[in-house]
file start.pdb (PDB, C-alpha atoms)
ATOM      1  CA  MET A   9       0.000   0.000   0.000  1.00  0.00           C
ATOM      2  CA  LEU A  10       2.727   2.449   0.950  1.00  0.00           C
ATOM      3  CA  GLU A  11       4.637   1.698  -2.248  1.00  0.00           C
ATOM      4  CA  LYS A  12       1.574   2.594  -4.347  1.00  0.00           C
ATOM      5  CA  GLN A  13       1.216   5.920  -2.537  1.00  0.00           C
ATOM      6  CA  GLN A  14       4.927   6.664  -2.950  1.00  0.00           C
ATOM      7  CA  LYS A  15       4.640   6.066  -6.700  1.00  0.00           C
ATOM      8  CA  ARG A  16       1.727   8.518  -6.903  1.00  0.00           C
ATOM      9  CA  VAL A  17       3.698  11.163  -5.010  1.00  0.00           C
ATOM     10  CA  LYS A  18       6.668  10.631  -7.335  1.00  0.00           C
ATOM     11  CA  ARG A  19       4.429  11.061 -10.414  1.00  0.00           C
ATOM     12  CA  HIS A  20       2.906  14.183  -8.851  1.00  0.00           C
ATOM     13  CA  LYS A  21       6.330  15.758  -8.277  1.00  0.00           C
ATOM     14  CA  LYS A  22       7.297  15.133 -11.908  1.00  0.00           C
ATOM     15  CA  ILE A  23       4.066  16.746 -13.105  1.00  0.00           C
ATOM     16  CA  ARG A  24       4.427  19.740 -10.757  1.00  0.00           C
ATOM     17  CA  ALA A  25       7.958  20.406 -12.006  1.00  0.00           C
ATOM     18  CA  ARG A  26       6.514  21.113 -15.460  1.00  0.00           C
ATOM     19  CA  ILE A  27       3.345  23.109 -14.719  1.00  0.00           C
ATOM     20  CA  LYS A  28       2.711  26.418 -12.979  1.00  0.00           C
ATOM     21  CA  GLY A  29      -0.535  28.296 -12.531  1.00  0.00           C
ATOM     22  CA  THR A  30      -0.931  32.077 -12.691  1.00  0.00           C
ATOM     23  CA  LYS A  31      -3.727  34.435 -11.718  1.00  0.00           C
ATOM     24  CA  THR A  32      -5.083  34.532 -15.284  1.00  0.00           C
ATOM     25  CA  VAL A  33      -4.432  30.831 -15.996  1.00  0.00           C
ATOM     26  CA  PRO A  34      -4.621  29.012 -12.635  1.00  0.00           C
ATOM     27  CA  ARG A  35      -3.841  25.361 -11.953  1.00  0.00           C
ATOM     28  CA  LEU A  36      -6.790  23.031 -11.346  1.00  0.00           C
ATOM     29  CA  SER A  37      -5.472  20.650  -8.707  1.00  0.00           C
ATOM     30  CA  VAL A  38      -7.387  17.426  -8.027  1.00  0.00           C
ATOM     31  CA  PHE A  39      -7.097  15.246  -4.933  1.00  0.00           C
ATOM     32  CA  ARG A  40      -8.945  11.957  -4.671  1.00  0.00           C
ATOM     33  CA  SER A  41      -9.281   9.790  -1.592  1.00  0.00           C
ATOM     34  CA  ASN A  42     -11.258   6.571  -1.300  1.00  0.00           C
ATOM     35  CA  LYS A  43     -14.403   8.398  -0.153  1.00  0.00           C
ATOM     36  CA  HIS A  44     -14.019  12.013  -1.288  1.00  0.00           C
ATOM     37  CA  ILE A  45     -12.741  14.178  -4.135  1.00  0.00           C
ATOM     38  CA  TYR A  46     -11.514  17.780  -3.966  1.00  0.00           C
ATOM     39  CA  ALA A  47     -10.642  20.396  -6.596  1.00  0.00           C
ATOM     40  CA  GLN A  48      -8.854  23.715  -6.226  1.00  0.00           C
ATOM     41  CA  LEU A  49      -7.860  26.532  -8.563  1.00  0.00           C
ATOM     42  CA  ILE A  50      -4.429  27.732  -7.453  1.00  0.00           C
ATOM     43  CA  ASP A  51      -2.310  30.774  -8.331  1.00  0.00           C
ATOM     44  CA  ASP A  52       1.233  29.414  -7.934  1.00  0.00           C
ATOM     45  CA  GLU A  53       2.902  32.828  -8.337  1.00  0.00           C
ATOM     46  CA  LYS A  54       1.381  34.092  -5.082  1.00  0.00           C
ATOM     47  CA  GLY A  55       0.728  30.688  -3.524  1.00  0.00           C
ATOM     48  CA  LYS A  56      -2.990  31.400  -3.111  1.00  0.00           C
ATOM     49  CA  ILE A  57      -6.034  29.213  -3.537  1.00  0.00           C
ATOM     50  CA  LEU A  58      -8.564  31.064  -5.675  1.00  0.00           C
ATOM     51  CA  ILE A  59     -11.517  28.643  -5.721  1.00  0.00           C
ATOM     52  CA  THR A  60     -12.320  25.336  -4.032  1.00  0.00           C
ATOM     53  CA  ALA A  61     -14.943  22.652  -4.538  1.00  0.00           C
ATOM     54  CA  LYS A  62     -15.472  19.343  -2.762  1.00  0.00           C
ATOM     55  CA  ASP A  63     -17.979  16.530  -2.851  1.00  0.00           C
ATOM     56  CA  ASN A  64     -19.778  17.870   0.233  1.00  0.00           C
ATOM     57  CA  ASP A  65     -20.760  20.948  -1.831  1.00  0.00           C
ATOM     58  CA  VAL A  66     -22.899  18.750  -4.087  1.00  0.00           C
ATOM     59  CA  LYS A  67     -26.202  18.010  -2.377  1.00  0.00           C
ATOM     60  CA  LYS A  68     -26.757  14.838  -4.345  1.00  0.00           C
ATOM     61  CA  LYS A  69     -26.603  11.139  -3.547  1.00  0.00           C
ATOM     62  CA  ALA A  70     -25.152   9.305  -6.529  1.00  0.00           C
ATOM     63  CA  GLU A  71     -22.151   7.325  -7.716  1.00  0.00           C
ATOM     64  CA  LYS A  72     -18.733   8.806  -7.050  1.00  0.00           C
ATOM     65  CA  THR A  73     -18.063   9.444 -10.757  1.00  0.00           C
ATOM     66  CA  VAL A  74     -21.359  11.322 -11.150  1.00  0.00           C
ATOM     67  CA  ILE A  75     -20.535  13.476  -8.121  1.00  0.00           C
ATOM     68  CA  ALA A  76     -17.021  14.111  -9.519  1.00  0.00           C
ATOM     69  CA  ARG A  77     -18.551  15.380 -12.778  1.00  0.00           C
ATOM     70  CA  GLU A  78     -20.842  17.686 -10.784  1.00  0.00           C
ATOM     71  CA  ILE A  79     -17.824  19.044  -8.873  1.00  0.00           C
ATOM     72  CA  GLY A  80     -16.136  19.791 -12.203  1.00  0.00           C
ATOM     73  CA  LYS A  81     -19.203  21.725 -13.336  1.00  0.00           C
ATOM     74  CA  LEU A  82     -19.372  23.532  -9.978  1.00  0.00           C
ATOM     75  CA  ILE A  83     -15.736  24.661 -10.070  1.00  0.00           C
ATOM     76  CA  ALA A  84     -16.190  25.789 -13.697  1.00  0.00           C
ATOM     77  CA  GLU A  85     -19.218  27.839 -12.680  1.00  0.00           C
ATOM     78  CA  LYS A  86     -17.286  29.491  -9.825  1.00  0.00           C
ATOM     79  CA  ALA A  87     -14.317  30.162 -12.141  1.00  0.00           C
ATOM     80  CA  LEU A  88     -16.479  31.787 -14.796  1.00  0.00           C
ATOM     81  CA  GLU A  89     -17.928  34.096 -12.124  1.00  0.00           C
ATOM     82  CA  LYS A  90     -14.337  35.271 -11.457  1.00  0.00           C
ATOM     83  CA  LYS A  91     -13.770  35.594 -15.232  1.00  0.00           C
ATOM     84  CA  ILE A  92     -11.373  32.632 -15.428  1.00  0.00           C
ATOM     85  CA  LYS A  93     -11.853  30.653 -18.637  1.00  0.00           C
ATOM     86  CA  LYS A  94      -8.509  28.954 -19.194  1.00  0.00           C
ATOM     87  CA  ILE A  95      -6.778  26.626 -16.709  1.00  0.00           C
ATOM     88  CA  ILE A  96      -3.937  24.142 -16.402  1.00  0.00           C
ATOM     89  CA  PHE A  97      -5.058  20.673 -15.285  1.00  0.00           C
ATOM     90  CA  ASP A  98      -3.060  18.991 -12.501  1.00  0.00           C
ATOM     91  CA  ARG A  99      -4.232  15.422 -11.937  1.00  0.00           C
ATOM     92  CA  GLY A 100      -2.078  15.110  -8.813  1.00  0.00           C
ATOM     93  CA  GLY A 101      -0.265  11.956  -9.869  1.00  0.00           C
ATOM     94  CA  PHE A 102      -3.519  10.042 -10.263  1.00  0.00           C
ATOM     95  CA  LYS A 103      -4.211   8.165 -13.482  1.00  0.00           C
ATOM     96  CA  TYR A 104      -6.502  10.011 -15.884  1.00  0.00           C
ATOM     97  CA  HIS A 105      -9.559   7.771 -15.637  1.00  0.00           C
ATOM     98  CA  GLY A 106     -12.561   7.261 -13.394  1.00  0.00           C
ATOM     99  CA  ARG A 107     -13.319  10.133 -11.020  1.00  0.00           C
ATOM    100  CA  VAL A 108     -10.381  12.303 -12.117  1.00  0.00           C
ATOM    101  CA  LYS A 109     -11.474  12.044 -15.757  1.00  0.00           C
ATOM    102  CA  ALA A 110     -15.111  12.702 -14.808  1.00  0.00           C
ATOM    103  CA  LEU A 111     -14.110  15.861 -12.916  1.00  0.00           C
ATOM    104  CA  ALA A 112     -12.091  17.099 -15.918  1.00  0.00           C
ATOM    105  CA  GLU A 113     -14.974  16.403 -18.313  1.00  0.00           C
ATOM    106  CA  GLY A 114     -17.375  18.201 -15.983  1.00  0.00           C
ATOM    107  CA  ALA A 115     -15.080  21.239 -15.914  1.00  0.00           C
ATOM    108  CA  ARG A 116     -14.933  21.207 -19.729  1.00  0.00           C
ATOM    109  CA  GLU A 117     -18.729  20.958 -19.914  1.00  0.00           C
ATOM    110  CA  GLY A 118     -18.937  23.902 -17.516  1.00  0.00           C
ATOM    111  CA  GLY A 119     -16.944  26.067 -19.955  1.00  0.00           C
ATOM    112  CA  LEU A 120     -13.302  25.806 -18.850  1.00  0.00           C
ATOM    113  CA  GLN A 121     -10.560  25.330 -21.441  1.00  0.00           C
ATOM    114  CA  PHE A 122      -7.430  23.245 -20.863  1.00  0.00           C
TER     115      PHE A 122
END
call {"tool": "encode", "arguments": {"input": "start.pdb", "output": "structure tokens"}}
result
Amino acid sequence: MLEKQQKRVKRHKKIRARIKGTKTVPRLSVFRSNKHIYAQLIDDEKGKILITAKDNDVKKKAEKTVIAREIGKLIAEKALEKKIKKIIFDRGGFKYHGRVKALAEGAREGGLQF
């Protein structure tokens, strides 16, 4: 179990070395645990979190992938209110499938470009 987590952290560090978010083009960071999923828009220049969304914000009982898609739409809606249309996607070392993919697709459906 620990080895699997260490591999994810290693992948995440490699990804983070290549991408940086700014105020105009923030980084959409995704964290997934067994029960929950979280998304944040981050300005790496100032080290500030601009927008957050988590599964508790969605008042819906459904499958985890459906809730992840709703979180993507929710964070896109909040970003568009702050006039943010373009982002950089940071999957956090997780494989791009399942809930992470659903969140990204939901953000795209909501109007974000990446």
call {"tool": "atom_distance", "arguments": {"input": "start.pdb", "atom1": "CA of Ile95 (chain A)", "atom2": "CA of Asp63 (chain A)"}}
result
20.5 Å
call {"tool": "atom_distance", "arguments": {"input": "start.pdb", "atom1": "CA of Val108 (chain A)", "atom2": "CA of Val66 (chain A)"}}
result
16.2 Å
call {"tool": "closest_residue", "arguments": {"input": "start.pdb", "among": "A:Arg35, A:Lys94, A:Lys12, A:Lys67", "to": "Ala47 (chain A)", "atoms": "all atoms listed in the file"}}
result
A:Arg35
call {"tool": "atom_distance", "arguments": {"input": "start.pdb", "atom1": "CA of Lys90 (chain A)", "atom2": "CA of Ile59 (chain A)"}}
result
9.2 Å
call {"tool": "closest_residue", "arguments": {"input": "start.pdb", "among": "A:Lys93, A:Lys62, A:Arg77, A:Arg40", "to": "Ala112 (chain A)", "atoms": "only C-alpha atoms"}}
result
A:Arg77
call {"tool": "closest_residue", "arguments": {"input": "start.pdb", "among": "A:Gln121, A:Lys21, A:Leu10, A:Lys31", "to": "Lys54 (chain A)", "atoms": "only C-alpha atoms"}}
result
A:Lys31
call {"tool": "resolve_selection", "arguments": {"input": "start.pdb", "expression": "the PyMOL selection byres ((chain A and resi 33) around 12)", "output": "ChimeraX atom specification"}}
result
/A:27-32,34-36,49-53,58,87,90-97,120-122
call {"tool": "build_atoms", "arguments": {"input": "start.pdb", "residues": "region 56-73 of chain A", "atoms": "N, CA and C atoms", "output": "PDB file, in the frame of the given file"}}
result
ATOM      1  N   LYS A  56      -1.639  31.221  -3.651  1.00  0.00           N
ATOM      2  CA  LYS A  56      -2.990  31.400  -3.111  1.00  0.00           C
ATOM      3  C   LYS A  56      -3.982  30.474  -3.797  1.00  0.00           C
ATOM      4  N   ILE A  57      -4.934  30.007  -2.999  1.00  0.00           N
ATOM      5  CA  ILE A  57      -6.034  29.213  -3.537  1.00  0.00           C
ATOM      6  C   ILE A  57      -7.140  30.178  -3.915  1.00  0.00           C
ATOM      7  N   LEU A  58      -7.555  30.132  -5.184  1.00  0.00           N
ATOM      8  CA  LEU A  58      -8.564  31.064  -5.675  1.00  0.00           C
ATOM      9  C   LEU A  58      -9.979  30.523  -5.466  1.00  0.00           C
ATOM     10  N   ILE A  59     -10.187  29.256  -5.787  1.00  0.00           N
ATOM     11  CA  ILE A  59     -11.517  28.643  -5.721  1.00  0.00           C
ATOM     12  C   ILE A  59     -11.370  27.196  -5.255  1.00  0.00           C
ATOM     13  N   THR A  60     -12.315  26.732  -4.448  1.00  0.00           N
ATOM     14  CA  THR A  60     -12.320  25.336  -4.032  1.00  0.00           C
ATOM     15  C   THR A  60     -13.696  24.721  -4.283  1.00  0.00           C
ATOM     16  N   ALA A  61     -13.698  23.408  -4.432  1.00  0.00           N
ATOM     17  CA  ALA A  61     -14.943  22.652  -4.538  1.00  0.00           C
ATOM     18  C   ALA A  61     -14.667  21.254  -4.003  1.00  0.00           C
ATOM     19  N   LYS A  62     -15.623  20.698  -3.291  1.00  0.00           N
ATOM     20  CA  LYS A  62     -15.472  19.343  -2.762  1.00  0.00           C
ATOM     21  C   LYS A  62     -16.804  18.627  -2.871  1.00  0.00           C
ATOM     22  N   ASP A  63     -16.763  17.318  -2.654  1.00  0.00           N
ATOM     23  CA  ASP A  63     -17.979  16.530  -2.851  1.00  0.00           C
ATOM     24  C   ASP A  63     -19.083  16.882  -1.858  1.00  0.00           C
ATOM     25  N   ASN A  64     -18.746  17.458  -0.723  1.00  0.00           N
ATOM     26  CA  ASN A  64     -19.778  17.870   0.233  1.00  0.00           C
ATOM     27  C   ASN A  64     -20.594  19.045  -0.286  1.00  0.00           C
ATOM     28  N   ASP A  65     -20.045  19.808  -1.251  1.00  0.00           N
ATOM     29  CA  ASP A  65     -20.760  20.948  -1.831  1.00  0.00           C
ATOM     30  C   ASP A  65     -21.918  20.498  -2.711  1.00  0.00           C
ATOM     31  N   VAL A  66     -21.842  19.283  -3.221  1.00  0.00           N
ATOM     32  CA  VAL A  66     -22.899  18.750  -4.087  1.00  0.00           C
ATOM     33  C   VAL A  66     -23.930  18.055  -3.208  1.00  0.00           C
ATOM     34  N   LYS A  67     -25.126  18.568  -3.212  1.00  0.00           N
ATOM     35  CA  LYS A  67     -26.202  18.010  -2.377  1.00  0.00           C
ATOM     36  C   LYS A  67     -26.941  16.920  -3.158  1.00  0.00           C
ATOM     37  N   LYS A  68     -26.204  15.879  -3.497  1.00  0.00           N
ATOM     38  CA  LYS A  68     -26.757  14.838  -4.345  1.00  0.00           C
ATOM     39  C   LYS A  68     -26.206  13.494  -3.903  1.00  0.00           C
ATOM     40  N   LYS A  69     -27.042  12.502  -3.835  1.00  0.00           N
ATOM     41  CA  LYS A  69     -26.603  11.139  -3.547  1.00  0.00           C
ATOM     42  C   LYS A  69     -26.545  10.396  -4.878  1.00  0.00           C
ATOM     43  N   ALA A  70     -25.335  10.011  -5.260  1.00  0.00           N
ATOM     44  CA  ALA A  70     -25.152   9.305  -6.529  1.00  0.00           C
ATOM     45  C   ALA A  70     -23.814   8.575  -6.479  1.00  0.00           C
ATOM     46  N   GLU A  71     -23.447   7.989  -7.617  1.00  0.00           N
ATOM     47  CA  GLU A  71     -22.151   7.325  -7.716  1.00  0.00           C
ATOM     48  C   GLU A  71     -21.033   8.357  -7.611  1.00  0.00           C
ATOM     49  N   LYS A  72     -19.868   7.900  -7.225  1.00  0.00           N
ATOM     50  CA  LYS A  72     -18.733   8.806  -7.050  1.00  0.00           C
ATOM     51  C   LYS A  72     -18.343   9.518  -8.351  1.00  0.00           C
ATOM     52  N   THR A  73     -18.440   8.817  -9.493  1.00  0.00           N
ATOM     53  CA  THR A  73     -18.063   9.444 -10.757  1.00  0.00           C
ATOM     54  C   THR A  73     -19.058  10.525 -11.154  1.00  0.00           C
TER      55      THR A  73
END
